[in-house]
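Structure record follows, encoded as structure tokens.
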Amino acid sequence: MQKNLVIVESPAKAKTIEKFLGKDYKVMSSYGHIRDLKTKEFSIDIEHDYAPQYVIPADKKKLVSELKSEAKSAEQVWLASDEDREGEAISWHLYEVLGLKPENTKRIVFHEITKNAILHAIETPRDININLVNAQQARRVLDRIVGFELSPILWRKVKPALSAGRVQSVAVRLIVEREREINEFVSEAAFRVIANFILPDGTTVLKAELNRRLKDKKEVEAFLESCKNASFTIDDITTKPVKKSPAPPFTTSTLQQEAARKLGYSVSQTMMIAQRLYESGLITYMRTDSVNLSDLALGTAKEAIFETYGEKYYKFRQYHTKSKGAQEAHEAIRPTYISNVEAGSSSQEKKLYELIRKRTIACQMADAELERTTISVGISGQTERFVAVGEVISFEGFLQVYMESNDDDTEKEQENGLLPPVKLHETLSLKDIVATERFTQRPPRYTEASLVRRLEELGIGRPSTYAPTIQTIQNREYVVKGDKEGVERAYTVVSLSKGKIEEAEKTETVGADRNKLMPTDIGTVVNDFLMEYFPDVLDYNFTASVEKEFDSVAEGELVWTKAIDKFYKIFHPIVEASLSPPPHGRAPPCR
């Protein structure tokens, strides 16, 4: 008779855990959920408190009978699925389907697959947290209600075989609205003016920018004319220290964003690679919105910094998660052993691991110290000034290891390089002034990563939902990720050199996009239809408030069926009304 049966949800995780447990333990995998709602049927009993009607899918029946017989012959069954709502629900379904008994079933949780974590979990088992299970059921049931009730309306009113989803439809709305902003955007032109001055030594050049933009060619010509006989003097030099602090350790969404910017990974690709690293015991659980680090992690990061960079590079930092109901894995994403400089079996895994490790170490390092120098050049007879800004790093601090990227598409207009040494009241000779016509920029299209950031800002979705949401809207062909060719645009350059003003027409390509999310025609039509008949379902605040209700269910503060009932009583009448619209052709608002 087998003493202990441990059930996890993935074979890779089973393999890693098996290494840490002795011969008295057998580890099996449930391969995810062993039962779910029927795929082709509604499967929710509205009349009986929204009871979900679960079934064991055909492809899981053999596995379930194997698990049943193993569980029957074991003295103790350990349910060891992930420590979040989905994982809790997997354990609950196993408990129900396998007919387990409370006296010989224990639920264990850990957010890293290391020997210490597994043994600690076995020493401190708990019961299944039914609040977490109910939060997962609430999401599943609500999403099924929305999908099943809205989709037939789309088939009838728009096109057969379409489908709608609660969070997905909101994500599509964001992309459609952004595309409209881009199409309606009218850019305004102004001239950016840059001067090159020669210092008194006769060779060194100082590059500086006029402190305002000039609105048209007429104003540019008048300004350049006034500079022909002007004198240029350094009238102010300020140097001030600037500190930069490192970014906090990774959460699911910040990892998805950085892996997209630095490594070019899609959101689902990042999650797949992170899952493999987690299941191999190399990083902590990858679905989290916590920035907290354990005392052990803080201690090992400190050791690594002292050893590699020295004491002055270290600064203790404790990050706290701001969002209420931050989801259940209580730590940021970090390496399980910081001393492992490299880990992972493929080059993709190695790159992602390195990114996670560097971010974890950098967050415990000293601020970078910079000196920012601003040089102001006065123009005789004018109130305007030319300004040059330069930064010098006086102490690298965390920049030695890691610098967070940002996905600002705006052109980098200020070159913060090294400035030449200058003295106050020095007179400079003018080499040239170049005024280049620049245009205001349209809003950028979303990348997968910037869409995740926007959903997070709006409070829509949770760590486990970003990747599947983005995948779904592309699979349904409401949104495509692709490239957009730019268009050619003419711009004017007016320059003053050797006392002569010259004008030139040049062209540039603008509006080109790579790997950006764009709505398809059908995506736009579906969005507009849903916005007309179901504005509340697509309302950002409403969708965020539903997420908060799920959090309240997880905290045990709200009965899940009450949350569903409140939603259904608002939602269902609009569905009914939209199937037989009133004479003026639109359903009543649901507020």
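We label chains A, B, ... in the order they appear in the structure tokens, count residues from 1 in each chain, and number ligands from 1 in the order shown.
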
Closest atom pairs, region 450-507 of chain A residues within 12 Å of region 170-193 of chain A, only C-alpha atoms, as a tab-separated table:
```
residue	atom	partner	partner_atom	distance
A:Ser450	CA	A:Ile175	CA	11.0
A:Leu451	CA	A:Ala171	CA	7.8
A:Val452	CA	A:Ala171	CA	9.2
A:Arg453	CA	A:Ala171	CA	11.5
A:Arg454	CA	A:Leu174	CA	8.8
A:Leu455	CA	A:Ala171	CA	7.5
A:Glu456	CA	A:Ala171	CA	11.2
A:Leu458	CA	A:Val170	CA	10.6
A:Gly459	CA	A:Val170	CA	11.7
A:Ile460	CA	A:Val170	CA	8.6
A:Gly461	CA	A:Ala171	CA	9.8
A:Thr465	CA	A:Ala171	CA	11.5
A:Tyr466	CA	A:Ala171	CA	9.8
A:Ala467	CA	A:Ala171	CA	11.7
A:Pro468	CA	A:Ala171	CA	11.5
A:Thr469	CA	A:Ala171	CA	7.7
A:Ile470	CA	A:Ala171	CA	7.8
A:Gln471	CA	A:Ala171	CA	11.0
A:Thr472	CA	A:Ala171	CA	10.2
A:Ile473	CA	A:Val172	CA	7.0
A:Gln474	CA	A:Val172	CA	9.6
A:Arg476	CA	A:Val172	CA	10.8
A:Glu477	CA	A:Val172	CA	10.5
A:Tyr478	CA	A:Val172	CA	7.1
A:Val479	CA	A:Val172	CA	7.0
A:Val480	CA	A:Ile175	CA	10.2
A:Lys481	CA	A:Ile175	CA	11.1
A:Arg489	CA	A:Ser187	CA	11.6
A:Ala490	CA	A:Ala189	CA	11.4
A:Tyr491	CA	A:Ala189	CA	9.1
A:Thr492	CA	A:Phe191	CA	8.8
A:Val493	CA	A:Phe191	CA	8.5
A:Val494	CA	A:Phe191	CA	9.1
A:Ser495	CA	A:Val193	CA	9.1
A:Leu496	CA	A:Val193	CA	10.7
```

- Message: Using DSSP assignments from the backbone, pull out every residue in region 201-446 of chain A that falls under alpha helix (DSSP H) and give it to me as a PyMOL selection string.
- Response: chain A and resi 217-227+252-258+267-279+295-308+347-362

- Would you return as a ChimeraX atom specification the members of region 158-319 of chain A that DSSP assigns to strand (DSSP E or B) on this structure's backbone? /A:189-198,205-210,214,232-244,250,283,314

- Query: How many Å separate CA of Asp127 (chain A) from CA of Leu277 (chain A)?
  - Reply: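 Computing the Euclidean distance for CA of Asp127 (chain A) and CA of Leu277 (chain A) yields 27.6 Å.
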
Which residues of region 372-447 of chain A sit at most 12 Å from region 312-316 of chain A, using only C-alpha atoms? Give each one's shortest atom pair and distance in Å (one decimal place), in chain and ascending residue order, as JSON lines.
```
{"residue": "A:Phe395", "atom": "CA", "partner": "A:Tyr313", "partner_atom": "CA", "distance": 9.2}
{"residue": "A:Glu396", "atom": "CA", "partner": "A:Tyr313", "partner_atom": "CA", "distance": 8.5}
{"residue": "A:Gly397", "atom": "CA", "partner": "A:Tyr313", "partner_atom": "CA", "distance": 5.5}
{"residue": "A:Phe398", "atom": "CA", "partner": "A:Tyr313", "partner_atom": "CA", "distance": 7.2}
{"residue": "A:Leu399", "atom": "CA", "partner": "A:Tyr313", "partner_atom": "CA", "distance": 10.1}
{"residue": "A:Gln400", "atom": "CA", "partner": "A:Tyr313", "partner_atom": "CA", "distance": 9.1}
{"residue": "A:Val401", "atom": "CA", "partner": "A:Tyr313", "partner_atom": "CA", "distance": 10.4}
```

- Gln2 (chain A) proximity check over A:Ser73, A:Ser29, A:Lys569, A:Glu18, using only C-alpha atoms: winner is A:Ser73

- Item | Selection near Gly499 (chain A), 9 Å with only C-alpha atoms, sequence-local residues under 5 positions removed, as a list of chain:residue names | A:Glu225, A:Cys227, A:Lys228, A:Asn229, A:Asp432

Can you write out the residues you just picked, keeping all heavy atoms, as an mmCIF file, in the first residue's frame?
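Generated output (again_5.cif):
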```cif
data_model
loop_
_atom_site.group_PDB
_atom_site.id
_atom_site.type_symbol
_atom_site.label_atom_id
_atom_site.label_comp_id
_atom_site.auth_asym_id
_atom_site.auth_seq_id
_atom_site.Cartn_x
_atom_site.Cartn_y
_atom_site.Cartn_z
ATOM 1 N N GLU A 225 16.846 85.729 -38.623
ATOM 2 C CA GLU A 225 17.301 87.064 -39.057
ATOM 3 C C GLU A 225 17.866 87.822 -37.850
ATOM 4 O O GLU A 225 18.933 88.442 -37.921
ATOM 5 C CB GLU A 225 16.109 87.820 -39.673
ATOM 6 C CG GLU A 225 16.456 88.985 -40.576
ATOM 7 C CD GLU A 225 17.320 88.599 -41.782
ATOM 8 O OE1 GLU A 225 16.946 87.713 -42.585
ATOM 9 O OE2 GLU A 225 18.408 89.200 -41.894
ATOM 10 N N CYS A 227 19.173 86.607 -35.300
ATOM 11 C CA CYS A 227 20.390 85.975 -34.755
ATOM 12 C C CYS A 227 21.637 86.290 -35.582
ATOM 13 O O CYS A 227 22.756 86.026 -35.132
ATOM 14 C CB CYS A 227 20.214 84.449 -34.705
ATOM 15 S SG CYS A 227 19.075 83.925 -33.408
ATOM 16 N N LYS A 228 21.430 86.859 -36.811
ATOM 17 C CA LYS A 228 22.571 87.104 -37.702
ATOM 18 C C LYS A 228 23.636 87.963 -37.018
ATOM 19 O O LYS A 228 24.818 87.677 -37.096
ATOM 20 C CB LYS A 228 22.102 87.775 -38.996
ATOM 21 C CG LYS A 228 21.573 86.795 -40.023
ATOM 22 C CD LYS A 228 21.224 87.536 -41.312
ATOM 23 C CE LYS A 228 20.699 86.593 -42.388
ATOM 24 N NZ LYS A 228 20.255 87.327 -43.576
ATOM 25 N N ASN A 229 23.205 89.018 -36.365
ATOM 26 C CA ASN A 229 24.180 89.939 -35.743
ATOM 27 C C ASN A 229 24.145 89.886 -34.219
ATOM 28 O O ASN A 229 24.674 90.780 -33.553
ATOM 29 C CB ASN A 229 23.919 91.373 -36.227
ATOM 30 C CG ASN A 229 24.015 91.458 -37.740
ATOM 31 O OD1 ASN A 229 24.973 90.966 -38.329
ATOM 32 N ND2 ASN A 229 22.989 92.023 -38.381
ATOM 33 N N ASP A 432 26.155 77.359 -36.462
ATOM 34 C CA ASP A 432 24.927 77.336 -37.271
ATOM 35 C C ASP A 432 23.710 77.153 -36.360
ATOM 36 O O ASP A 432 23.826 76.769 -35.201
ATOM 37 C CB ASP A 432 24.968 76.212 -38.336
ATOM 38 C CG ASP A 432 25.162 74.825 -37.740
ATOM 39 O OD1 ASP A 432 24.720 74.602 -36.596
ATOM 40 O OD2 ASP A 432 25.751 73.952 -38.413
#
```
